[in-house]
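Visitor: This is the content of start_39.pdb (PDB, C-alpha atoms):
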MODEL        1
ATOM      1  CA  MET W   1      -9.480 220.080 167.985
ATOM      2  CA  SER W   2      -9.967 216.342 167.796
ATOM      3  CA  GLY W   3      -8.818 213.837 170.374
ATOM      4  CA  SER W   4      -6.984 211.904 167.690
ATOM      5  CA  ALA W   5      -4.878 214.934 166.819
ATOM      6  CA  ALA W   6      -4.020 215.515 170.472
ATOM      7  CA  SER W   7      -2.761 211.935 170.743
ATOM      8  CA  LYS W   8      -0.225 212.332 167.948
ATOM      9  CA  LYS W   9       3.360 212.491 169.172
ATOM     10  CA  VAL W  10       5.558 214.872 167.186
ATOM     11  CA  VAL W  11       9.285 215.300 167.787
ATOM     12  CA  VAL W  12      10.916 218.583 166.768
ATOM     13  CA  PHE W  13      14.420 217.404 165.973
ATOM     14  CA  ASP W  14      16.905 219.521 167.903
ATOM     15  CA  TYR W  15      20.206 219.363 166.039
ATOM     16  CA  GLY W  16      21.254 222.960 166.685
ATOM     17  CA  PHE W  17      19.702 224.653 163.639
ATOM     18  CA  GLY W  18      16.141 225.885 163.716
ATOM     19  CA  ASN W  19      13.505 227.775 165.634
ATOM     20  CA  VAL W  20      12.589 224.801 167.766
ATOM     21  CA  ARG W  21      10.617 226.716 170.410
ATOM     22  CA  SER W  22       8.357 228.503 167.925
ATOM     23  CA  ALA W  23       7.830 225.204 166.076
ATOM     24  CA  GLU W  24       6.961 223.510 169.380
ATOM     25  CA  ARG W  25       4.391 226.158 170.257
ATOM     26  CA  ALA W  26       2.790 226.091 166.808
ATOM     27  CA  LEU W  27       2.511 222.293 166.770
ATOM     28  CA  ALA W  28       1.040 222.269 170.265
ATOM     29  CA  ARG W  29      -1.558 224.845 169.213
ATOM     30  CA  ALA W  30      -2.377 222.609 166.252
ATOM     31  CA  GLY W  31      -3.103 219.738 168.640
ATOM     32  CA  ALA W  32       0.032 217.614 168.755
ATOM     33  CA  ASP W  33       1.851 216.200 171.769
ATOM     34  CA  VAL W  34       5.239 217.810 171.087
ATOM     35  CA  GLU W  35       8.746 217.194 172.376
ATOM     36  CA  ILE W  36      11.993 218.929 171.403
ATOM     37  CA  THR W  37      14.780 216.369 171.410
ATOM     38  CA  ARG W  38      17.648 214.815 169.507
ATOM     39  CA  ASP W  39      17.143 211.501 171.269
ATOM     40  CA  PHE W  40      17.496 208.768 168.670
ATOM     41  CA  ASP W  41      14.733 206.441 169.891
ATOM     42  CA  LYS W  42      12.214 209.217 170.464
ATOM     43  CA  ALA W  43      12.869 210.671 167.017
ATOM     44  CA  MET W  44      12.518 207.243 165.428
ATOM     45  CA  ASN W  45       9.327 206.294 167.239
ATOM     46  CA  ALA W  46       7.324 209.525 167.105
ATOM     47  CA  ASP W  47       4.226 209.666 164.901
ATOM     48  CA  GLY W  48       5.775 212.630 163.092
ATOM     49  CA  LEU W  49       9.271 214.112 162.904
ATOM     50  CA  LEU W  50       9.642 217.819 162.172
ATOM     51  CA  VAL W  51      13.065 218.975 160.960
ATOM     52  CA  PRO W  52      13.556 222.756 161.187
ATOM     53  CA  GLY W  53      16.521 224.582 159.729
ATOM     54  CA  VAL W  54      18.029 228.066 159.598
ATOM     55  CA  GLY W  55      21.342 229.408 158.367
ATOM     56  CA  ALA W  56      23.720 227.873 155.875
ATOM     57  CA  PHE W  57      23.005 224.639 154.001
ATOM     58  CA  ALA W  58      26.438 223.124 154.695
ATOM     59  CA  ALA W  59      26.338 223.957 158.403
ATOM     60  CA  CYS W  60      22.859 222.448 158.765
ATOM     61  CA  MET W  61      24.010 219.266 157.067
ATOM     62  CA  GLU W  62      27.015 219.034 159.368
ATOM     63  CA  GLY W  63      24.823 219.504 162.427
ATOM     64  CA  LEU W  64      22.274 216.998 161.182
ATOM     65  CA  ARG W  65      24.901 214.343 160.547
ATOM     66  CA  GLY W  66      26.453 215.003 163.943
ATOM     67  CA  ALA W  67      23.099 214.230 165.557
ATOM     68  CA  ARG W  68      22.524 211.159 163.303
ATOM     69  CA  GLY W  69      19.567 212.986 161.818
ATOM     70  CA  ASP W  70      20.452 211.897 158.304
ATOM     71  CA  TRP W  71      20.173 208.254 159.353
ATOM     72  CA  ILE W  72      16.954 208.864 161.309
ATOM     73  CA  ILE W  73      15.261 210.588 158.364
ATOM     74  CA  ASP W  74      16.305 207.854 155.951
ATOM     75  CA  ARG W  75      15.142 205.056 158.265
ATOM     76  CA  ARG W  76      11.818 206.737 158.988
ATOM     77  CA  LEU W  77      11.097 207.269 155.308
ATOM     78  CA  SER W  78      12.103 203.702 154.462
ATOM     79  CA  GLY W  79       9.360 202.601 156.847
ATOM     80  CA  GLY W  80       6.815 205.129 155.606
ATOM     81  CA  ARG W  81       7.029 207.194 158.814
ATOM     82  CA  PRO W  82       6.143 210.877 158.301
ATOM     83  CA  VAL W  83       8.842 213.553 158.188
ATOM     84  CA  MET W  84       8.338 217.272 157.584
ATOM     85  CA  GLY W  85      11.118 219.758 156.802
ATOM     86  CA  ILE W  86      10.881 223.533 157.217
ATOM     87  CA  CYS W  87      13.004 226.218 155.496
ATOM     88  CA  VAL W  88      16.610 224.923 155.367
ATOM     89  CA  GLY W  89      15.123 221.728 156.809
ATOM     90  CA  MET W  90      13.424 221.418 153.420
ATOM     91  CA  GLN W  91      16.454 222.463 151.391
ATOM     92  CA  ILE W  92      18.727 219.751 152.838
ATOM     93  CA  LEU W  93      16.310 217.115 151.539
ATOM     94  CA  PHE W  94      17.550 217.854 148.023
ATOM     95  CA  ALA W  95      20.685 216.413 146.449
ATOM     96  CA  ARG W  96      22.914 219.462 146.841
ATOM     97  CA  GLY W  97      23.160 223.034 147.960
ATOM     98  CA  ILE W  98      25.276 225.695 146.248
ATOM     99  CA  GLU W  99      26.285 228.646 148.410
ATOM    100  CA  HIS W 100      28.945 231.204 147.399
ATOM    101  CA  GLY W 101      29.997 228.893 144.591
ATOM    102  CA  VAL W 102      30.603 225.980 146.950
ATOM    103  CA  GLU W 103      28.592 222.794 146.456
ATOM    104  CA  SER W 104      27.571 220.725 149.494
ATOM    105  CA  GLU W 105      25.884 217.330 149.542
ATOM    106  CA  GLY W 106      22.322 217.139 150.830
ATOM    107  CA  LEU W 107      20.278 214.126 151.885
ATOM    108  CA  ASP W 108      19.320 213.375 148.245
ATOM    109  CA  GLU W 109      15.757 212.374 149.083
ATOM    110  CA  TRP W 110      14.862 214.477 146.045
ATOM    111  CA  PRO W 111      17.072 215.342 143.051
ATOM    112  CA  GLY W 112      17.859 218.953 142.426
ATOM    113  CA  SER W 113      19.983 221.867 143.580
ATOM    114  CA  VAL W 114      19.332 224.591 146.126
ATOM    115  CA  GLU W 115      20.732 227.733 144.507
ATOM    116  CA  PRO W 116      20.705 231.501 145.102
ATOM    117  CA  LEU W 117      17.373 233.211 144.508
ATOM    118  CA  GLN W 118      17.179 234.972 141.177
ATOM    119  CA  ALA W 119      15.586 238.245 142.227
ATOM    120  CA  GLU W 120      16.429 241.927 142.564
ATOM    121  CA  ILE W 121      15.896 241.866 146.325
ATOM    122  CA  VAL W 122      17.490 239.111 148.396
ATOM    123  CA  PRO W 123      16.727 237.729 150.898
ATOM    124  CA  HIS W 124      13.088 237.038 150.195
ATOM    125  CA  MET W 125      11.695 238.170 153.546
ATOM    126  CA  GLY W 126       8.021 238.597 154.293
ATOM    127  CA  TRP W 127       4.603 237.348 153.272
ATOM    128  CA  ASN W 128       3.831 235.751 149.924
ATOM    129  CA  THR W 129       1.165 233.646 148.287
ATOM    130  CA  VAL W 130       1.682 230.165 146.883
ATOM    131  CA  ASP W 131       0.277 228.138 143.999
ATOM    132  CA  ALA W 132      -0.753 224.785 145.457
ATOM    133  CA  PRO W 133      -1.737 221.896 143.165
ATOM    134  CA  ALA W 134      -5.189 220.356 143.031
ATOM    135  CA  GLY W 135      -5.696 217.684 145.664
ATOM    136  CA  SER W 136      -3.099 219.081 148.053
ATOM    137  CA  GLU W 137      -3.583 217.721 151.574
ATOM    138  CA  LEU W 138      -1.105 220.182 153.048
ATOM    139  CA  PHE W 139      -3.073 223.224 151.861
ATOM    140  CA  ALA W 140      -6.560 221.736 152.345
ATOM    141  CA  GLY W 141      -9.068 224.272 153.617
ATOM    142  CA  LEU W 142      -6.873 227.249 152.735
ATOM    143  CA  ASP W 143      -7.862 229.963 150.280
ATOM    144  CA  ALA W 144      -5.799 230.492 147.139
ATOM    145  CA  ASP W 145      -4.799 233.946 148.422
ATOM    146  CA  ALA W 146      -3.523 232.650 151.783
ATOM    147  CA  ARG W 147      -0.138 234.149 152.599
ATOM    148  CA  PHE W 148       2.862 232.526 154.272
ATOM    149  CA  TYR W 149       6.004 233.922 155.851
ATOM    150  CA  PHE W 150       9.298 233.429 154.011
ATOM    151  CA  VAL W 151      12.878 234.209 155.057
ATOM    152  CA  HIS W 152      15.446 232.784 152.626
ATOM    153  CA  SER W 153      18.132 233.625 150.090
ATOM    154  CA  TYR W 154      18.255 230.217 148.374
ATOM    155  CA  ALA W 155      15.663 227.965 146.780
ATOM    156  CA  VAL W 156      15.029 225.158 144.308
ATOM    157  CA  HIS W 157      13.981 226.601 140.939
ATOM    158  CA  ASP W 158      13.612 223.345 139.003
ATOM    159  CA  TRP W 159      11.705 220.274 140.180
ATOM    160  CA  ALA W 160      13.546 217.259 138.798
ATOM    161  CA  LEU W 161      11.814 214.163 140.237
ATOM    162  CA  GLU W 162       9.811 212.178 137.698
ATOM    163  CA  THR W 163       7.368 209.409 138.539
ATOM    164  CA  HIS W 164       7.252 206.690 135.884
ATOM    165  CA  ASN W 165       5.226 204.113 137.835
ATOM    166  CA  ALA W 166       1.545 204.782 137.198
ATOM    167  CA  ALA W 167       0.677 203.018 140.460
ATOM    168  CA  MET W 168       2.619 205.597 142.450
ATOM    169  CA  GLN W 169       1.176 209.000 143.227
ATOM    170  CA  ALA W 170       3.272 211.762 141.753
ATOM    171  CA  PRO W 171       4.624 214.285 144.267
ATOM    172  CA  ARG W 172       2.502 217.395 144.745
ATOM    173  CA  VAL W 173       4.696 220.454 144.294
ATOM    174  CA  THR W 174       3.635 223.932 145.395
ATOM    175  CA  TRP W 175       5.308 226.989 143.885
ATOM    176  CA  SER W 176       5.800 230.608 144.850
ATOM    177  CA  THR W 177       7.525 233.462 143.025
ATOM    178  CA  HIS W 178      10.199 235.904 144.090
ATOM    179  CA  GLY W 179      11.896 237.078 140.929
ATOM    180  CA  LYS W 180      11.688 233.578 139.442
ATOM    181  CA  PRO W 181       9.322 230.751 140.488
ATOM    182  CA  PHE W 182      10.700 228.441 143.154
ATOM    183  CA  VAL W 183       9.525 225.362 145.047
ATOM    184  CA  ALA W 184       7.563 226.486 148.117
ATOM    185  CA  ALA W 185       6.365 223.092 149.367
ATOM    186  CA  VAL W 186       6.373 219.401 148.481
ATOM    187  CA  GLU W 187       4.099 216.499 149.436
ATOM    188  CA  ASN W 188       5.766 213.217 148.513
ATOM    189  CA  GLY W 189       4.416 210.192 150.338
ATOM    190  CA  ALA W 190       5.626 210.314 153.944
ATOM    191  CA  LEU W 191       7.938 213.267 153.215
ATOM    192  CA  TRP W 192       6.469 216.756 153.269
ATOM    193  CA  ALA W 193       8.305 220.077 153.415
ATOM    194  CA  THR W 194       7.843 223.836 153.177
ATOM    195  CA  GLN W 195      10.289 226.582 152.234
ATOM    196  CA  PHE W 196       8.250 229.086 154.256
ATOM    197  CA  HIS W 197       7.796 229.058 158.034
ATOM    198  CA  PRO W 198       4.325 227.743 158.930
ATOM    199  CA  GLU W 199       5.072 228.411 162.608
ATOM    200  CA  LYS W 200       5.361 232.132 161.748
ATOM    201  CA  SER W 201       2.476 232.221 159.274
ATOM    202  CA  GLY W 202      -0.473 232.962 161.554
ATOM    203  CA  ASP W 203      -3.790 231.229 160.972
ATOM    204  CA  ALA W 204      -2.766 229.901 157.562
ATOM    205  CA  GLY W 205       0.318 228.260 159.030
ATOM    206  CA  ALA W 206      -1.700 226.837 161.905
ATOM    207  CA  GLN W 207      -4.151 225.270 159.445
ATOM    208  CA  LEU W 208      -1.288 223.801 157.447
ATOM    209  CA  LEU W 209       0.275 222.200 160.528
ATOM    210  CA  THR W 210      -3.140 220.894 161.583
ATOM    211  CA  ASN W 211      -3.462 219.308 158.136
ATOM    212  CA  TRP W 212      -0.080 217.584 158.524
ATOM    213  CA  ILE W 213      -0.879 216.314 162.023
ATOM    214  CA  GLY W 214      -4.183 214.985 160.713
ATOM    215  CA  THR W 215      -2.315 212.648 158.344
ATOM    216  CA  LEU W 216      -0.079 211.120 161.034
TER     217      LEU W 216
ENDMDL
END
Hey, can you dump this file as structure tokens for me?
Guide:
Amino acid sequence: MSGSAASKKVVVFDYGFGNVRSAERALARAGADVEITRDFDKAMNADGLLVPGVGAFAACMEGLRGARGDWIIDRRLSGGRPVMGICVGMQILFARGIEHGVESEGLDEWPGSVEPLQAEIVPHMGWNTVDAPAGSELFAGLDADARFYFVHSYAVHDWALETHNAAMQAPRVTWSTHGKPFVAAVENGALWATQFHPEKSGDAGAQLLTNWIGTL
């Protein structure tokens, strides 16, 4: 574990939705200096901001707005400051979520809809492999058959963001399949996210978090 990694300050944003303690432990094991807080200044000034999320899309959005998390995420990204979302913390980064026929607004950092999984068995609960793109920094050093832990009933099935500026790096999108392919992770400039839980994904998850911390 490098000294540079240990010096990186990561805030786990505590807005009432997410496994903040398990995320804290996993990030600490990966070498970060971690704090769980909803303090505005600390969240703004940390080297990295991790946004967890469990439960319903609409409820997470309400909690996030109540803690000014929507503003913090937007301001950090406007300044190129790293943010990582996990599970519903990834889903709320999209334009909208549709649960039980009700549409809720997301943060709209990425276009697209979070919709019910199209599979015989829902929720998708357990270990699954992913298909990461070439050049992925998030999955660097991980074998193609590495498995990650998923717990979700909703996902994004269609990636809608197009990059027309040749000078800009296109987002790297990782897919997994449960019934139908869905977005499992995204690397898009300062904004990274995973549908699975790296903090519950053993050695593979630890490597993934170490990779993220290494970019901060």
Visitor: When you count only C-alpha atoms, which of these residues is closest to W:Ala204: W:Lys180, W:Arg147, W:Arg96, W:His152?
Guide: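 Closest residue, counting only C-alpha atoms: W:Arg147.
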Visitor: So which one's closest to W:Leu161, W:Asp47, W:Asp108, W:Glu62, W:Glu35? Using all atoms listed in the file, please.
Guide: W:Asp108
Visitor: Nearest residue to W:Gly63 out of W:Ala190, W:Ala185, W:Ile92, W:Ile213, using all atoms listed in the file?
Guide: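 Using all atoms listed in the file, the shortest distance to W:Gly63 belongs to W:Ile92.
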Visitor: Between W:Pro123, W:Pro52, W:Gly141, W:Gly16, which residue has the minimum interatomic distance to W:His178, considering all atoms listed in the file?
Guide: W:Pro123
Visitor: One decimal, Å: what's the distance from atom CA of W:Glu115 over to atom CA of W:Asp14, could you say?
Guide: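 Computing it gives 25.1 Å between the two atoms.
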Visitor: Using atom CA of W:Met84 and atom CA of W:Trp212 as the two end points, give the distance in Å to one decimal.
Guide: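 Taking atom CA of W:Met84 and atom CA of W:Trp212, their separation equals 8.5 Å.
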Visitor: Given the file above and the PyMOL selection byres ((chain W and resi 157-159) around 9), which residues are selected, and can you give them as a ChimeraX atom specification?
Guide: /W:110-115,117-118,155-156,160-162,173,180-183
Visitor: Any chance you could resolve the PyMOL selection byres ((chain W and resi 23-29) around 10) against this file and give the residues as a VMD selection string?
Guide: chain W and resid 1 6 10 to 12 18 to 22 30 to 36 50 to 52 86 197 to 202 205 to 206 209 to 210 212 to 213
Visitor: Just checking: using only C-alpha atoms, which residue out of W:Val186, W:Ala119, W:Ala170, W:Val88 ends up closest to W:Val54?
Guide: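 Of the candidates, the smallest distance to W:Val54 is held by W:Val88.
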Visitor: So what do you get for atom CA of W:Met90 versus atom CA of W:Ser176, distance-wise?
Guide: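 Here the two named atoms are 14.7 Å from each other.
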Visitor: For the structure provided, state which residues fall under the PyMOL selection byres ((chain W and resi 64-69) around 10), and present them as a count of residues only.
Guide: 27
Visitor: Write out as a ChimeraX atom specification the residues lying within 10 Å of W:His100, counting all atoms listed in the file and excluding same-chain residues fewer than 2 positions away.
Guide: /W:98,102-103,115-116
Visitor: Please determine, counting all atoms listed in the file, which residue among W:Glu99, W:Asp41, W:Glu187, W:Asp203 has the shortest atom-to-atom distance to W:Leu138.
Guide: W:Glu187
Visitor: Find the residues near W:Glu109: any atom within 8 Å, counting all atoms listed in the file, skip ones fewer than 4 places away on the same chain, and give them as a list in words.
Guide: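 Here the answer would be Leu93, Phe94 and Ala95 of chain W.
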Visitor: Next, write the just-selected residues to a file, as a PDB file, keeping the file's coordinate frame, keeping C-alpha atoms as the atom set.
Guide:
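And here's again.pdb as it stands now:
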ATOM      1  CA  LEU W  93      16.310 217.115 151.539  1.00  0.00           C
ATOM      2  CA  PHE W  94      17.550 217.854 148.023  1.00  0.00           C
ATOM      3  CA  ALA W  95      20.685 216.413 146.449  1.00  0.00           C
TER       4      ALA W  95
END
Visitor: Can you tell me, as JSON, numbers by chain, what residues are no more than 7 Å from stretch 80-83 of chain W when counting all atoms listed in the file, ignoring any on the same chain fewer than 2 positions away?
Guide: {"W": [47, 48, 49, 50, 76, 77, 78, 85, 190, 191, 192, 216]}
Visitor: Identify the residues around (10.3, 239.2, 158.6) within a radius of 7 Å, measuring from all atoms listed in the file in the coordinates stated by the file, and give them as a compact mmCIF listing (two decimals) with C-alpha atoms, keeping the file's coordinate frame.
Guide:
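Everything below was put into selection.txt:
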# COMPACT_ATOMS: atom_id res chain seq x y z
CA MET W 125 11.70 238.17 153.55
CA GLY W 126 8.02 238.60 154.29
CA VAL W 151 12.88 234.21 155.06
